[in-house]
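**Student:** Contents of target_23.txt (compact mmCIF, C-alpha atoms (C1' of nucleotides)):
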```
# COMPACT_ATOMS: atom_id res chain seq x y z
CA MET A 1 11.33 28.34 11.56
CA GLY A 2 10.05 27.52 8.23
CA ILE A 3 7.34 27.54 5.82
CA PRO A 4 5.41 30.70 5.15
CA VAL A 5 1.66 30.73 5.35
CA LEU A 6 0.42 31.51 1.89
CA ASN A 7 -2.94 32.90 2.87
CA ASN A 8 -5.23 32.51 5.79
CA ASN A 9 -8.43 32.74 3.83
CA ILE A 10 -8.53 30.55 0.81
CA PRO A 11 -11.29 31.92 -1.45
CA ASP A 12 -14.22 29.67 -2.31
CA ASP A 13 -13.28 29.37 -5.97
CA GLU A 14 -9.97 27.94 -5.04
CA LEU A 15 -11.55 25.80 -2.40
CA ASP A 16 -13.51 24.17 -5.21
CA LYS A 17 -10.26 23.58 -6.97
CA ILE A 18 -8.94 21.87 -3.90
CA MET A 19 -12.03 19.73 -3.74
CA ASP A 20 -11.60 18.67 -7.33
CA ASN A 21 -8.07 17.71 -6.56
CA ALA A 22 -8.84 16.06 -3.26
CA VAL A 23 -8.55 12.56 -4.64
CA LEU A 24 -5.27 13.41 -6.29
CA ALA A 25 -3.90 14.99 -3.16
CA ALA A 26 -5.12 12.16 -0.95
CA ASN A 27 -3.39 9.62 -3.17
CA PHE A 28 -0.20 11.57 -3.04
CA LEU A 29 -0.36 11.86 0.73
CA LYS A 30 -1.01 8.14 0.98
CA ALA A 31 2.10 7.56 -1.07
CA ILE A 32 4.28 9.37 1.43
CA GLY A 33 2.19 8.28 4.42
CA HIS A 34 4.12 5.08 4.77
CA GLU A 35 7.03 4.52 7.06
CA GLY A 36 9.17 2.69 4.54
CA ARG A 37 8.56 5.10 1.72
CA LEU A 38 9.16 8.05 3.98
CA LEU A 39 12.49 6.58 5.02
CA ILE A 40 13.42 5.98 1.42
CA LEU A 41 12.81 9.63 0.70
CA CYS A 42 14.93 10.63 3.66
CA HIS A 43 17.77 8.42 2.54
CA LEU A 44 17.59 9.75 -0.96
CA ALA A 45 17.74 13.25 0.44
CA THR A 46 21.38 12.58 1.24
CA GLY A 47 22.10 11.45 -2.31
CA GLU A 48 21.50 8.79 -4.91
CA LYS A 49 21.16 5.23 -3.68
CA SER A 50 20.87 1.88 -5.44
CA VAL A 51 18.03 -0.48 -4.68
CA THR A 52 20.45 -2.82 -2.95
CA GLU A 53 21.77 -0.03 -0.78
CA LEU A 54 18.24 0.90 0.22
CA GLU A 55 17.48 -2.74 0.88
CA SER A 56 20.16 -2.88 3.54
CA LEU A 57 19.50 0.61 4.88
CA LEU A 58 15.88 -0.27 5.46
CA SER A 59 16.36 -3.94 6.35
CA THR A 60 13.57 -4.76 3.98
CA ARG A 61 13.41 -7.40 1.29
CA GLN A 62 14.46 -6.25 -2.06
CA SER A 63 11.14 -6.81 -3.76
CA ALA A 64 9.37 -4.82 -1.10
CA VAL A 65 11.79 -1.97 -1.53
CA SER A 66 11.28 -2.18 -5.25
CA GLN A 67 7.55 -1.92 -4.85
CA GLN A 68 7.82 1.00 -2.52
CA LEU A 69 10.05 2.67 -5.05
CA SER A 70 7.57 2.00 -7.80
CA ARG A 71 4.87 3.76 -5.84
CA LEU A 72 7.13 6.74 -5.33
CA ARG A 73 7.99 6.66 -9.02
CA LEU A 74 4.29 6.76 -9.86
CA GLU A 75 3.97 9.96 -7.89
CA GLY A 76 7.00 11.36 -9.63
CA LEU A 77 8.90 11.71 -6.38
CA VAL A 78 11.88 9.61 -7.36
CA THR A 79 13.68 8.98 -10.62
CA PRO A 80 15.71 5.93 -11.57
CA ARG A 81 18.98 5.94 -13.46
CA ARG A 82 20.48 2.74 -14.75
CA ASP A 83 24.21 2.19 -14.61
CA GLY A 84 25.04 -1.30 -15.73
CA LYS A 85 23.24 -3.76 -13.57
CA VAL A 86 22.57 -1.26 -10.86
CA ILE A 87 19.67 1.14 -10.79
CA TYR A 88 20.16 4.27 -8.79
CA TYR A 89 17.30 6.30 -7.45
CA ARG A 90 17.28 9.96 -6.63
CA LEU A 91 14.76 12.57 -5.63
CA THR A 92 13.22 13.82 -8.84
CA ASP A 93 13.39 17.54 -8.21
CA GLU A 94 12.99 20.38 -5.79
CA ARG A 95 9.38 19.44 -5.21
CA SER A 96 10.40 16.09 -3.79
CA ARG A 97 12.95 17.77 -1.61
CA ARG A 98 10.46 20.35 -0.46
CA ILE A 99 8.14 17.64 0.71
CA ILE A 100 10.77 15.98 2.82
CA ASP A 101 11.75 19.32 4.22
CA ILE A 102 8.17 19.91 5.21
CA VAL A 103 7.83 16.57 6.93
CA TYR A 104 11.15 17.16 8.57
CA ASP A 105 10.03 20.56 9.70
CA LEU A 106 6.75 19.24 11.05
CA PHE A 107 8.13 16.28 12.91
CA CYS A 108 11.77 16.78 13.58
CA SER A 109 12.51 20.44 14.09
CA GLU A 110 10.39 20.81 17.19
CA ILE A 111 12.19 20.73 20.52
CA MET B 1 6.56 30.09 -5.28
CA GLY B 2 6.63 28.92 -1.81
CA ILE B 3 8.39 26.94 0.65
CA PRO B 4 12.10 27.32 1.23
CA VAL B 5 14.43 24.38 1.08
CA LEU B 6 15.83 23.99 4.54
CA ASN B 7 18.97 22.19 3.53
CA ASN B 8 20.05 19.95 0.74
CA ASN B 9 22.19 17.75 2.88
CA ILE B 10 20.46 16.64 6.00
CA PRO B 11 23.18 15.37 8.36
CA ASP B 12 23.04 11.77 9.51
CA ASP B 13 22.21 12.64 13.11
CA GLU B 14 19.12 14.40 12.01
CA LEU B 15 18.34 11.68 9.54
CA ASP B 16 18.17 9.35 12.54
CA LYS B 17 15.77 11.76 14.15
CA ILE B 18 13.66 11.58 11.04
CA MET B 19 13.77 7.80 11.18
CA ASP B 20 12.64 7.78 14.79
CA ASN B 21 9.76 9.98 13.86
CA ALA B 22 8.91 8.16 10.67
CA VAL B 23 6.08 6.19 12.21
CA LEU B 24 4.66 9.33 13.75
CA ALA B 25 4.91 11.22 10.52
CA ALA B 26 3.47 8.36 8.50
CA ASN B 27 0.46 8.16 10.78
CA PHE B 28 -0.09 11.83 10.50
CA LEU B 29 0.15 11.73 6.73
CA LYS B 30 -2.28 8.84 6.64
CA ALA B 31 -4.69 10.93 8.66
CA ILE B 32 -4.73 13.66 6.06
CA GLY B 33 -4.26 11.26 3.15
CA HIS B 34 -7.96 10.66 3.00
CA GLU B 35 -10.32 12.39 0.65
CA GLY B 36 -13.06 12.96 3.18
CA ARG B 37 -10.78 14.23 5.88
CA LEU B 38 -8.94 16.43 3.44
CA LEU B 39 -12.19 18.01 2.38
CA ILE B 40 -13.15 18.60 5.97
CA LEU B 41 -9.88 20.42 6.48
CA CYS B 42 -10.50 22.49 3.37
CA HIS B 43 -13.96 23.47 4.52
CA LEU B 44 -12.66 24.40 7.91
CA ALA B 45 -10.02 26.54 6.24
CA THR B 46 -12.81 28.95 5.34
CA GLY B 47 -14.02 29.11 8.90
CA GLU B 48 -15.64 27.22 11.73
CA LYS B 49 -18.32 24.70 10.79
CA SER B 50 -20.69 22.59 12.83
CA VAL B 51 -20.89 18.86 12.40
CA THR B 52 -24.29 19.20 10.78
CA GLU B 53 -22.97 21.75 8.32
CA LEU B 54 -20.13 19.45 7.42
CA GLU B 55 -22.57 16.59 7.12
CA SER B 56 -24.46 18.39 4.39
CA LEU B 57 -21.37 19.92 2.76
CA LEU B 58 -19.89 16.48 2.38
CA SER B 59 -23.13 14.57 1.82
CA THR B 60 -21.99 12.08 4.37
CA ARG B 61 -23.80 10.48 7.26
CA GLN B 62 -23.39 12.06 10.61
CA SER B 63 -21.67 9.13 12.20
CA ALA B 64 -19.13 8.98 9.42
CA VAL B 65 -18.37 12.69 9.63
CA SER B 66 -18.05 12.34 13.36
CA GLN B 67 -15.59 9.50 13.00
CA GLN B 68 -13.50 11.40 10.50
CA LEU B 69 -13.48 14.38 12.83
CA SER B 70 -12.39 12.21 15.70
CA ARG B 71 -9.42 11.03 13.71
CA LEU B 72 -8.49 14.61 12.92
CA ARG B 73 -8.97 15.52 16.57
CA LEU B 74 -6.60 12.74 17.55
CA GLU B 75 -3.96 14.25 15.32
CA GLY B 76 -4.62 17.65 16.84
CA LEU B 77 -5.58 19.13 13.51
CA VAL B 78 -9.04 20.29 14.50
CA THR B 79 -10.50 21.61 17.71
CA PRO B 80 -14.12 21.50 18.83
CA ARG B 81 -15.98 24.31 20.52
CA ARG B 82 -19.37 23.75 22.01
CA ASP B 83 -22.07 26.38 21.72
CA GLY B 84 -25.27 25.07 23.19
CA LYS B 85 -26.24 21.93 21.35
CA VAL B 86 -23.96 22.59 18.48
CA ILE B 87 -20.30 21.71 18.29
CA TYR B 88 -18.23 23.80 15.97
CA TYR B 89 -14.94 22.62 14.59
CA ARG B 90 -12.07 24.76 13.51
CA LEU B 91 -8.50 24.24 12.45
CA THR B 92 -6.48 24.02 15.62
CA ASP B 93 -3.67 26.38 14.78
CA GLU B 94 -1.25 27.66 12.21
CA ARG B 95 0.21 24.21 11.83
CA SER B 96 -3.10 22.85 10.57
CA ARG B 97 -3.43 25.79 8.25
CA ARG B 98 0.09 25.40 7.02
CA ILE B 99 -0.60 21.84 6.05
CA ILE B 100 -3.61 22.75 4.00
CA ASP B 101 -1.68 25.57 2.43
CA ILE B 102 1.00 23.10 1.46
CA VAL B 103 -1.46 20.68 -0.07
CA TYR B 104 -3.08 23.60 -1.80
CA ASP B 105 0.25 24.76 -3.06
CA LEU B 106 1.19 21.32 -4.30
CA PHE B 107 -2.05 20.49 -6.03
CA CYS B 108 -3.92 23.63 -6.82
CA SER B 109 -1.55 26.47 -7.53
CA GLU B 110 0.08 24.88 -10.55
CA ILE B 111 -1.10 26.14 -13.91
C1' DA C 1 -38.51 16.08 26.10
C1' DG C 2 -35.83 16.88 21.87
C1' DG C 3 -31.90 18.29 18.90
C1' DA C 4 -26.93 17.70 18.04
C1' DT C 5 -22.98 14.75 18.54
C1' DA C 6 -20.27 10.97 19.87
C1' DT C 7 -19.65 6.08 20.34
C1' DC C 8 -20.18 1.47 19.51
C1' DC C 9 -21.13 -2.41 16.84
C1' DT C 10 -21.54 -5.47 12.86
C1' DA C 11 -21.11 -6.60 8.27
C1' DA C 12 -19.42 -5.76 3.63
C1' DT C 13 -16.01 -4.11 0.87
C1' DA C 14 -11.93 -1.96 -0.58
C1' DA C 15 -7.07 -0.75 -0.06
C1' DC C 16 -2.54 -1.80 1.46
C1' DT C 17 1.61 -4.72 2.41
C1' DG C 18 4.84 -8.12 2.19
C1' DT C 19 6.14 -12.67 0.26
C1' DT C 20 7.24 -15.73 -3.25
C1' DA C 21 8.15 -16.80 -7.82
C1' DA C 22 8.83 -15.77 -12.44
C1' DG C 23 10.77 -12.50 -15.99
C1' DA C 24 13.82 -8.90 -18.12
C1' DG C 25 18.40 -6.23 -18.79
C1' DA C 26 23.15 -6.05 -18.27
C1' DT C 27 27.72 -8.12 -17.66
C1' DG C 28 31.29 -11.39 -17.93
C1' DA C 29 33.13 -16.03 -18.69
C1' DT C 30 33.49 -19.90 -21.63
C1' DA D 1 26.89 -17.03 -28.98
C1' DT D 2 25.50 -19.20 -24.99
C1' DC D 3 25.17 -19.53 -20.23
C1' DA D 4 25.30 -18.10 -15.62
C1' DT D 5 24.80 -14.49 -12.59
C1' DC D 6 23.60 -10.19 -10.62
C1' DT D 7 20.15 -6.50 -10.09
C1' DC D 8 15.84 -5.20 -10.32
C1' DT D 9 10.76 -5.30 -11.72
C1' DT D 10 6.38 -7.27 -11.84
C1' DA D 11 2.52 -10.44 -11.09
C1' DA D 12 -0.09 -13.32 -8.19
C1' DC D 13 -1.45 -14.49 -3.64
C1' DA D 14 -2.77 -13.95 1.16
C1' DG D 15 -3.02 -11.60 5.55
C1' DT D 16 -4.09 -7.31 7.61
C1' DT D 17 -6.01 -2.99 8.09
C1' DA D 18 -9.11 0.91 6.62
C1' DT D 19 -13.28 2.55 5.21
C1' DT D 20 -18.27 2.76 4.77
C1' DA D 21 -22.92 1.95 5.87
C1' DG D 22 -26.41 1.11 9.00
C1' DG D 23 -28.43 1.34 13.04
C1' DA D 24 -28.64 1.59 18.16
C1' DT D 25 -27.42 3.93 22.11
C1' DA D 26 -25.44 7.31 25.20
C1' DT D 27 -24.50 12.09 26.26
C1' DC D 28 -24.73 16.86 26.59
C1' DC D 29 -27.17 20.97 26.36
C1' DT D 30 -31.62 23.91 26.12
```
In C-alpha cells, how does this file's structure come out?

**Tutor:**
Amino acid sequence: MGIPVLNNNIPDDELDKIMDNAVLAANFLKAIGHEGRLLILCHLATGEKSVTELESLLSTRQSAVSQQLSRLRLEGLVTPRRDGKVIYYRLTDERSRRIIDIVYDLFCSEI
Amino acid sequence: MGIPVLNNNIPDDELDKIMDNAVLAANFLKAIGHEGRLLILCHLATGEKSVTELESLLSTRQSAVSQQLSRLRLEGLVTPRRDGKVIYYRLTDERSRRIIDIVYDLFCSEI
DNA sequence: AGGATATCCTAATAACTGTTAAGAGATGAT
DNA sequence: ATCATCTCTTAACAGTTATTAGGATATCCT
C-alpha cells in the first residue's frame, strides 16, 4: 500500500532544518500543485514527449505548455533533449518519478 | 533511502484516473505548498498544539493562523480537539504524517 | 464576565496564469 | 548563402486569485 513512514517523531533539530527549508519546499510544492503541470508529469511518466505532443495531450496552447515546462525545469523535475527541431522532455530522475508515484498513491490508489 | 517506486509504466487507464484527480491533487498540493501552513504541519508533527501556541511559534496573528488552520482542516490534514477554552490541533492521521515525512525526506534528509 | 477561537470584512499587495508577439535554433529548398 | 518554415522559448501585458493585515464580531466554554 505504499510509502513507509520514516519516523513518527521528528526531533526538534531536524524540525529546525525543515523550517529553514520551508520556503524551498513550499516553492517546490507550488510547482507541482498545478493541474497542468501535474498532468505533464503524469504524461512524462509513460515516456518522453515533445512539446507539441504535450500541447495536444493537454489541449493547451504551446506557449503555455512551454511555460509550465520551464517551471518544472526550474525545479529539476524534467529534462529537455533536443533532436533536430523537436525538444523532448522526460522526467529527470527517480526523484521525479517518486513524486508522481506519491501523488498517484495519495489520490488514485484509494478505492 | 525511502519511498518505493510503484511502477515505471503507469497504464493508460490509470493515467486517466490520475487526470480525473488532477484538480483534486493540485488543490491539495496548493494547500501544503504554503510556507506558513507547512510550518504548522511541521510543528504539529512534534505533537498537539493549541492555536495560541502556534500563534507564538509562528509569530503570526491569531486570525491568520486560524485561517491557515481552516484551510488545512478543509483538506483533512489536521483535526481539532477542544479542551475547555482551548482548541488543540493535531495531524489527522498517518496520511498527514506521511506527507510531512515525504517533504522532510525530499528537502531535509539530503546531505 | 472573560479568555480562546473562528469568522467576516475590507483594503493592499503579491503571486500565478494564459495570451500575444517577438526571438532563437534547426532544417530544407532555392 | 539566403530564405522560409517549423519548433520552441521568452518577455511583456492583463486578468484572476491568494495572501496578509487589521479590526470587528460572534461563539463556545469556564

**Student:** What residues in chain C lie within 8 Å of chain A, counting all atoms listed in the file, written as number ranges by chain?

**Tutor:** C: 18, 25-27

**Student:** Please build the interface table for chain D against chain A with a cut-off of 12 Å, listing for each qualifying residue the nearest atom pair and the distance in Å to one decimal; count all atoms listed in the file, order rows by chain and increasing number, and write it as CSV.

**Tutor:**
```
residue,atom,partner,partner_atom,distance
D:DT5,C1',A:Lys85,CA,10.9
D:DC6,C1',A:Lys85,CA,7.1
D:DT7,C1',A:Lys85,CA,5.4
D:DC8,C1',A:Ile87,CA,7.4
D:DT9,C1',A:Ser66,CA,7.2
D:DT10,C1',A:Gln67,CA,8.9
D:DA11,C1',A:Gln67,CA,11.7
```

**Student:** Have a look at A:Lys49, A:Arg71, A:His34, A:Arg95 and name the one nearest to chain B; count all atoms listed in the file.

**Tutor:**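 So, comparing all the options, the nearest one is A:His34.
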
**Student:** Nearest to chain A: which of B:Arg81, B:Val103, B:Leu74, B:Tyr89 is it, counting all atoms listed in the file?

**Tutor:**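 Checking each candidate against chain A, we get B:Val103 as the closest.
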
**Student:** Which residues come within 9 Å of Leu41 (chain A), counting all atoms listed in the file, excluding same-chain residues fewer than 4 positions away, as an mmCIF file with C-alpha atoms, in the frame of the given file?

**Tutor:**
```cif
data_model
loop_
_atom_site.group_PDB
_atom_site.id
_atom_site.type_symbol
_atom_site.label_atom_id
_atom_site.label_comp_id
_atom_site.auth_asym_id
_atom_site.auth_seq_id
_atom_site.Cartn_x
_atom_site.Cartn_y
_atom_site.Cartn_z
ATOM 1 C CA ILE A 32 4.280 9.370 1.430
ATOM 2 C CA GLY A 36 9.170 2.690 4.540
ATOM 3 C CA ARG A 37 8.560 5.100 1.720
ATOM 4 C CA ALA A 45 17.740 13.250 0.440
ATOM 5 C CA LEU A 72 7.130 6.740 -5.330
ATOM 6 C CA LEU A 77 8.900 11.710 -6.380
ATOM 7 C CA VAL A 78 11.880 9.610 -7.360
ATOM 8 C CA ARG A 90 17.280 9.960 -6.630
ATOM 9 C CA LEU A 91 14.760 12.570 -5.630
ATOM 10 C CA SER A 96 10.400 16.090 -3.790
ATOM 11 C CA ARG A 97 12.950 17.770 -1.610
ATOM 12 C CA ILE A 100 10.770 15.980 2.820
#
```

**Student:** Do a neighbour search on DA14 (chain D) at 12 Å with only C-alpha atoms (C1' of nucleotides), toss out local chain neighbours closer than 4 positions, and write the hits as a list in words.

**Tutor:**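 Residues near the query, excluding close chain neighbours: DT17, DG18, DT19 and DT20 of chain C.
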
**Student:** Give me, please, the distance in Å between CA of Lys30 (chain B) and C1' of DA12 (chain D), quoted to one decimal.

**Tutor:**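 For CA of Lys30 (chain B) relative to C1' of DA12 (chain D), the distance reads 26.8 Å.
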
**Student:** Any idea what the distance is between C1' of DC8 (chain C) and CA of Ser56 (chain B)?

**Tutor:**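 Result for C1' of DC8 (chain C) versus CA of Ser56 (chain B): 23.1 Å, one decimal.
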
**Student:** From the list D:DA26, D:DA4, D:DA18, D:DC13, which residue is nearest DA15 (chain C) when using only C-alpha atoms (C1' of nucleotides)?

**Tutor:** D:DA18

**Student:** At what distance in Å, to one decimal, does CA of Ala25 (chain A) lie from CA of Arg73 (chain A)?

**Tutor:**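 Interatomic distance here is 15.7 Å.
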
**Student:** Can you fill out region 21-38 of chain B with N, CA, C and O atoms and hand it back as a CSV table (one decimal), in the coordinates of the input?

**Tutor:**
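Saved result, selection-v6.csv, follows:
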```
chain,number,residue,atom,x,y,z
B,21,ASN,N,11.1,9.4,14.0
B,21,ASN,CA,9.8,10.0,13.9
B,21,ASN,C,9.0,9.5,12.7
B,21,ASN,O,7.9,10.0,12.4
B,22,ALA,N,9.5,8.6,11.9
B,22,ALA,CA,8.9,8.2,10.7
B,22,ALA,C,7.5,7.6,10.9
B,22,ALA,O,6.6,7.9,10.2
B,23,VAL,N,7.4,6.8,11.9
B,23,VAL,CA,6.1,6.2,12.2
B,23,VAL,C,5.1,7.3,12.5
B,23,VAL,O,3.9,7.3,12.0
B,24,LEU,N,5.5,8.2,13.4
B,24,LEU,CA,4.7,9.3,13.8
B,24,LEU,C,4.2,10.1,12.5
B,24,LEU,O,3.0,10.4,12.3
B,25,ALA,N,5.2,10.4,11.7
B,25,ALA,CA,4.9,11.2,10.5
B,25,ALA,C,4.0,10.5,9.6
B,25,ALA,O,3.1,11.0,9.0
B,26,ALA,N,4.3,9.2,9.4
B,26,ALA,CA,3.5,8.4,8.5
B,26,ALA,C,2.0,8.3,9.0
B,26,ALA,O,1.1,8.5,8.2
B,27,ASN,N,1.8,8.2,10.3
B,27,ASN,CA,0.5,8.2,10.8
B,27,ASN,C,-0.2,9.5,10.5
B,27,ASN,O,-1.4,9.5,10.1
B,28,PHE,N,0.5,10.5,10.7
B,28,PHE,CA,-0.1,11.8,10.5
B,28,PHE,C,-0.5,12.0,9.0
B,28,PHE,O,-1.6,12.4,8.7
B,29,LEU,N,0.4,11.6,8.2
B,29,LEU,CA,0.2,11.7,6.7
B,29,LEU,C,-1.0,10.8,6.3
B,29,LEU,O,-1.8,11.2,5.4
B,30,LYS,N,-1.1,9.7,6.9
B,30,LYS,CA,-2.3,8.8,6.6
B,30,LYS,C,-3.6,9.5,7.0
B,30,LYS,O,-4.6,9.4,6.4
B,31,ALA,N,-3.5,10.2,8.2
B,31,ALA,CA,-4.7,10.9,8.7
B,31,ALA,C,-5.2,11.9,7.6
B,31,ALA,O,-6.4,12.1,7.4
B,32,ILE,N,-4.3,12.7,7.0
B,32,ILE,CA,-4.7,13.7,6.1
B,32,ILE,C,-4.7,13.1,4.6
B,32,ILE,O,-5.3,13.7,3.7
B,33,GLY,N,-4.2,11.9,4.5
B,33,GLY,CA,-4.3,11.3,3.2
B,33,GLY,C,-5.6,10.5,2.9
B,33,GLY,O,-5.6,9.3,2.6
B,34,HIS,N,-6.6,11.3,3.1
B,34,HIS,CA,-8.0,10.7,3.0
B,34,HIS,C,-8.9,11.7,2.4
B,34,HIS,O,-9.0,12.8,3.0
B,35,GLU,N,-9.5,11.4,1.3
B,35,GLU,CA,-10.3,12.4,0.6
B,35,GLU,C,-11.3,13.1,1.6
B,35,GLU,O,-11.3,14.3,1.6
B,36,GLY,N,-12.1,12.4,2.3
B,36,GLY,CA,-13.1,13.0,3.2
B,36,GLY,C,-12.4,13.9,4.2
B,36,GLY,O,-12.9,15.0,4.4
B,37,ARG,N,-11.4,13.4,4.8
B,37,ARG,CA,-10.8,14.2,5.9
B,37,ARG,C,-10.1,15.5,5.3
B,37,ARG,O,-10.1,16.6,5.9
B,38,LEU,N,-9.6,15.3,4.1
B,38,LEU,CA,-8.9,16.4,3.4
B,38,LEU,C,-10.0,17.5,3.1
B,38,LEU,O,-9.8,18.7,3.3
```
